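Since the structure comes first, as structure tokens, the remarks are kept for the end.
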Amino acid sequence: MLVLDQLVEGQSLETFTNEPITVEQLKQYAQASGDLNPIHTDENVAKSVGLPSTIAHGMLIMGQLGRYVNQIAGGNATVKNFNMRFGAMTFPNEQITCSAVVESVSAIEATINVYASKGENQIVGNGQAVLVFKGEEA
């Protein structure tokens with residue numbers, strides 16, 4: 001859990017590695033999100049459009065990164081803003097590692113740059129989150 005007065009610009013925060021993406025997870029996410037594009041759930045369709053396999057929904061990866069942001073904020077802060085840009089594709093059996101670096105710190109909030117990566121630090125998504133610390137007044 002982050003503590004505002006212990007954060008400094010450029011500080012790397014603890015990382016978290018998710019369980020590998022599964023085909024079943026892609027099917028469940030497709031149903032839950034309503035994004036039924038078969039490139040996410042049908043390997044034959046994915047291959048027919050030139051992909052090596054099915055691919056994870058970008059928003060599934062954003063969800064993993066968002067969960068990470070909430071975990072590191074813990075009970076001390078609330079997420080005021082969160083965004084992510086999508087990068088490389090994520091395939092079944094790949095693991096996403098989430099990480100963050102402190103961009104800036106003010107009297108009541110911290111801005112962190114967040115990253116979702118796979119393998120040897122291949123970025124699949126990056127963005128930013130603003131955390132407002134509880135008990136701090138504007």
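Residues are referred to by chain and number: the chain letter is A, B, ... according to the order shown in the structure tokens, the number counts from 1 in that chain, and ligands are numbered separately from 1 in the order shown.
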* For A:Val49: contacts at 9 Å, only C-alpha atoms, fewer than 4 positions along chain excluded, given as number ranges by chain -> A: 39, 44-45
Convert the current residue selection to file output with all heavy atoms, as a CSV table (one decimal), in the first residue's frame.
chain,number,residue,atom,x,y,z
A,39,ILE,N,-11.9,-13.4,-33.4
A,39,ILE,CA,-10.4,-13.5,-33.3
A,39,ILE,C,-10.0,-13.7,-31.8
A,39,ILE,O,-8.8,-14.0,-31.6
A,39,ILE,CB,-9.7,-12.2,-33.9
A,39,ILE,CG1,-10.1,-11.0,-33.1
A,39,ILE,CG2,-10.0,-12.1,-35.4
A,39,ILE,CD1,-9.3,-9.8,-33.5
A,44,ASN,N,-9.2,-20.9,-35.4
A,44,ASN,CA,-9.2,-21.0,-36.9
A,44,ASN,C,-9.5,-19.6,-37.5
A,44,ASN,O,-9.0,-19.3,-38.6
A,44,ASN,CB,-10.3,-22.0,-37.3
A,44,ASN,CG,-9.8,-23.4,-37.0
A,44,ASN,OD1,-8.6,-23.7,-37.0
A,44,ASN,ND2,-10.8,-24.3,-36.7
A,45,VAL,N,-10.5,-18.9,-37.0
A,45,VAL,CA,-10.8,-17.5,-37.5
A,45,VAL,C,-9.6,-16.6,-37.3
A,45,VAL,O,-9.2,-15.9,-38.3
A,45,VAL,CB,-12.0,-16.9,-36.8
A,45,VAL,CG1,-12.2,-15.5,-37.2
A,45,VAL,CG2,-13.3,-17.8,-37.1
* **Contacts of A:Glu103 at 7 Å (only C-alpha atoms; same-chain gap of 6+ positions) as a list of chain:residue names** => A:Glu9, A:Gly10, A:Thr111, A:Ile112, A:Asn113
Generate the output file for the selected residues, all heavy atoms, as a PDB file, in the first residue's frame.
ATOM      1  N   GLU A   9       9.512  11.197  -7.151  1.00  0.00           N
ATOM      2  CA  GLU A   9       9.526  11.118  -8.608  1.00  0.00           C
ATOM      3  C   GLU A   9      10.593  10.141  -9.074  1.00  0.00           C
ATOM      4  O   GLU A   9      11.702  10.114  -8.552  1.00  0.00           O
ATOM      5  CB  GLU A   9       9.779  12.497  -9.215  1.00  0.00           C
ATOM      6  CG  GLU A   9       8.627  13.451  -9.016  1.00  0.00           C
ATOM      7  CD  GLU A   9       8.875  14.819  -9.616  1.00  0.00           C
ATOM      8  OE1 GLU A   9       9.789  14.966 -10.456  1.00  0.00           O
ATOM      9  OE2 GLU A   9       8.142  15.753  -9.245  1.00  0.00           O
ATOM     10  N   GLY A  10      10.233   9.313 -10.062  1.00  0.00           N
ATOM     11  CA  GLY A  10      11.157   8.339 -10.619  1.00  0.00           C
ATOM     12  C   GLY A  10      11.203   7.014  -9.877  1.00  0.00           C
ATOM     13  O   GLY A  10      11.849   6.066 -10.332  1.00  0.00           O
ATOM     14  N   THR A 111       0.841  11.022  -9.382  1.00  0.00           N
ATOM     15  CA  THR A 111       0.602  10.537 -10.731  1.00  0.00           C
ATOM     16  C   THR A 111       1.633   9.457 -11.004  1.00  0.00           C
ATOM     17  O   THR A 111       2.835   9.660 -10.774  1.00  0.00           O
ATOM     18  CB  THR A 111       0.733  11.675 -11.758  1.00  0.00           C
ATOM     19  OG1 THR A 111      -0.231  12.688 -11.443  1.00  0.00           O
ATOM     20  CG2 THR A 111       0.498  11.176 -13.170  1.00  0.00           C
ATOM     21  N   ILE A 112       1.149   8.301 -11.468  1.00  0.00           N
ATOM     22  CA  ILE A 112       2.063   7.201 -11.760  1.00  0.00           C
ATOM     23  C   ILE A 112       1.899   6.772 -13.212  1.00  0.00           C
ATOM     24  O   ILE A 112       0.803   6.783 -13.762  1.00  0.00           O
ATOM     25  CB  ILE A 112       1.850   5.997 -10.810  1.00  0.00           C
ATOM     26  CG1 ILE A 112       0.412   5.459 -10.882  1.00  0.00           C
ATOM     27  CG2 ILE A 112       2.213   6.372  -9.372  1.00  0.00           C
ATOM     28  CD1 ILE A 112       0.184   4.178 -10.081  1.00  0.00           C
ATOM     29  N   ASN A 113       3.020   6.442 -13.836  1.00  0.00           N
ATOM     30  CA  ASN A 113       3.007   5.849 -15.172  1.00  0.00           C
ATOM     31  C   ASN A 113       2.938   4.348 -14.975  1.00  0.00           C
ATOM     32  O   ASN A 113       3.699   3.783 -14.183  1.00  0.00           O
ATOM     33  CB  ASN A 113       4.267   6.243 -15.947  1.00  0.00           C
ATOM     34  CG  ASN A 113       4.302   7.735 -16.224  1.00  0.00           C
ATOM     35  OD1 ASN A 113       3.280   8.348 -16.499  1.00  0.00           O
ATOM     36  ND2 ASN A 113       5.472   8.325 -16.129  1.00  0.00           N
TER      37      ASN A 113
END
Among stretch 24-66 of chain A, which residues does DSSP mark as alpha helix (DSSP H) when it is run on the backbone? Keep the chain and numbering as in the structure and answer as a PDB file with N, CA and C atoms, in the first residue's frame.
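Contents of out05.pdb, as written:
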ATOM      1  N   GLU A  24     -10.073 -20.231 -22.057  1.00  0.00           N
ATOM      2  CA  GLU A  24     -11.340 -20.153 -21.326  1.00  0.00           C
ATOM      3  C   GLU A  24     -11.592 -18.734 -20.818  1.00  0.00           C
ATOM      4  N   GLN A  25     -10.553 -18.098 -20.323  1.00  0.00           N
ATOM      5  CA  GLN A  25     -10.678 -16.718 -19.852  1.00  0.00           C
ATOM      6  C   GLN A  25     -11.095 -15.787 -21.002  1.00  0.00           C
ATOM      7  N   LEU A  26     -10.531 -16.000 -22.188  1.00  0.00           N
ATOM      8  CA  LEU A  26     -10.905 -15.181 -23.350  1.00  0.00           C
ATOM      9  C   LEU A  26     -12.375 -15.374 -23.696  1.00  0.00           C
ATOM     10  N   LYS A  27     -12.845 -16.610 -23.622  1.00  0.00           N
ATOM     11  CA  LYS A  27     -14.261 -16.890 -23.901  1.00  0.00           C
ATOM     12  C   LYS A  27     -15.158 -16.241 -22.857  1.00  0.00           C
ATOM     13  N   GLN A  28     -14.779 -16.347 -21.600  1.00  0.00           N
ATOM     14  CA  GLN A  28     -15.568 -15.734 -20.531  1.00  0.00           C
ATOM     15  C   GLN A  28     -15.585 -14.213 -20.675  1.00  0.00           C
ATOM     16  N   TYR A  29     -14.443 -13.630 -20.995  1.00  0.00           N
ATOM     17  CA  TYR A  29     -14.382 -12.177 -21.148  1.00  0.00           C
ATOM     18  C   TYR A  29     -15.228 -11.729 -22.336  1.00  0.00           C
ATOM     19  N   ALA A  30     -15.184 -12.481 -23.426  1.00  0.00           N
ATOM     20  CA  ALA A  30     -15.991 -12.139 -24.605  1.00  0.00           C
ATOM     21  C   ALA A  30     -17.475 -12.094 -24.228  1.00  0.00           C
ATOM     22  N   GLN A  31     -17.925 -13.076 -23.482  1.00  0.00           N
ATOM     23  CA  GLN A  31     -19.332 -13.119 -23.065  1.00  0.00           C
ATOM     24  C   GLN A  31     -19.665 -11.960 -22.127  1.00  0.00           C
ATOM     25  N   ALA A  32     -18.799 -11.713 -21.169  1.00  0.00           N
ATOM     26  CA  ALA A  32     -19.065 -10.664 -20.182  1.00  0.00           C
ATOM     27  C   ALA A  32     -19.038  -9.269 -20.808  1.00  0.00           C
ATOM     28  N   SER A  33     -18.142  -9.065 -21.757  1.00  0.00           N
ATOM     29  CA  SER A  33     -17.976  -7.732 -22.345  1.00  0.00           C
ATOM     30  C   SER A  33     -18.902  -7.482 -23.525  1.00  0.00           C
ATOM     31  N   GLU A  43      -9.605 -20.019 -32.766  1.00  0.00           N
ATOM     32  CA  GLU A  43      -8.250 -20.030 -33.325  1.00  0.00           C
ATOM     33  C   GLU A  43      -8.257 -20.108 -34.852  1.00  0.00           C
ATOM     34  N   ASN A  44      -9.186 -20.865 -35.430  1.00  0.00           N
ATOM     35  CA  ASN A  44      -9.241 -20.969 -36.890  1.00  0.00           C
ATOM     36  C   ASN A  44      -9.548 -19.624 -37.533  1.00  0.00           C
ATOM     37  N   VAL A  45     -10.477 -18.876 -36.964  1.00  0.00           N
ATOM     38  CA  VAL A  45     -10.799 -17.543 -37.488  1.00  0.00           C
ATOM     39  C   VAL A  45      -9.598 -16.619 -37.330  1.00  0.00           C
ATOM     40  N   ALA A  46      -8.956 -16.660 -36.168  1.00  0.00           N
ATOM     41  CA  ALA A  46      -7.781 -15.810 -35.934  1.00  0.00           C
ATOM     42  C   ALA A  46      -6.697 -16.098 -36.968  1.00  0.00           C
ATOM     43  N   LYS A  47      -6.451 -17.367 -37.220  1.00  0.00           N
ATOM     44  CA  LYS A  47      -5.423 -17.736 -38.197  1.00  0.00           C
ATOM     45  C   LYS A  47      -5.835 -17.342 -39.612  1.00  0.00           C
ATOM     46  N   SER A  48      -7.136 -17.380 -39.901  1.00  0.00           N
ATOM     47  CA  SER A  48      -7.602 -17.036 -41.251  1.00  0.00           C
ATOM     48  C   SER A  48      -7.394 -15.561 -41.580  1.00  0.00           C
ATOM     49  N   GLY A  58      -7.988  -6.175 -25.677  1.00  0.00           N
ATOM     50  CA  GLY A  58      -7.206  -5.098 -25.076  1.00  0.00           C
ATOM     51  C   GLY A  58      -7.765  -4.671 -23.735  1.00  0.00           C
ATOM     52  N   MET A  59      -9.096  -4.659 -23.640  1.00  0.00           N
ATOM     53  CA  MET A  59      -9.714  -4.236 -22.388  1.00  0.00           C
ATOM     54  C   MET A  59      -9.508  -5.261 -21.263  1.00  0.00           C
ATOM     55  N   LEU A  60      -9.252  -6.516 -21.603  1.00  0.00           N
ATOM     56  CA  LEU A  60      -8.913  -7.503 -20.584  1.00  0.00           C
ATOM     57  C   LEU A  60      -7.568  -7.133 -19.959  1.00  0.00           C
ATOM     58  N   ILE A  61      -6.627  -6.738 -20.805  1.00  0.00           N
ATOM     59  CA  ILE A  61      -5.309  -6.326 -20.315  1.00  0.00           C
ATOM     60  C   ILE A  61      -5.451  -5.038 -19.495  1.00  0.00           C
ATOM     61  N   MET A  62      -6.278  -4.114 -19.972  1.00  0.00           N
ATOM     62  CA  MET A  62      -6.511  -2.883 -19.212  1.00  0.00           C
ATOM     63  C   MET A  62      -7.122  -3.207 -17.847  1.00  0.00           C
ATOM     64  N   GLY A  63      -7.991  -4.200 -17.807  1.00  0.00           N
ATOM     65  CA  GLY A  63      -8.572  -4.628 -16.536  1.00  0.00           C
ATOM     66  C   GLY A  63      -7.516  -5.157 -15.577  1.00  0.00           C
ATOM     67  N   GLN A  64      -6.550  -5.913 -16.093  1.00  0.00           N
ATOM     68  CA  GLN A  64      -5.475  -6.408 -15.242  1.00  0.00           C
ATOM     69  C   GLN A  64      -4.634  -5.250 -14.710  1.00  0.00           C
ATOM     70  N   LEU A  65      -4.375  -4.271 -15.573  1.00  0.00           N
ATOM     71  CA  LEU A  65      -3.588  -3.118 -15.152  1.00  0.00           C
ATOM     72  C   LEU A  65      -4.375  -2.270 -14.142  1.00  0.00           C
ATOM     73  N   GLY A  66      -5.676  -2.125 -14.366  1.00  0.00           N
ATOM     74  CA  GLY A  66      -6.515  -1.380 -13.431  1.00  0.00           C
ATOM     75  C   GLY A  66      -6.582  -2.042 -12.060  1.00  0.00           C
TER      76      GLY A  66
END
* To do: Calculate how many Å separate atom CA of A:Val132 from atom CA of A:Ala116, rounding to one decimal.
  => 21.9 Å
* Residues near stretch 124-130 of chain A, cut-off 12 Å, only C-alpha atoms, skip fewer than 5 positions along chain, as a count of residues only -> 58
* List every residue of chain A that DSSP, applied to the backbone of this structure, assigns to strand (DSSP E), and report them as number ranges by chain. => A: 16-17, 77-86, 97-105, 109-118, 122-133
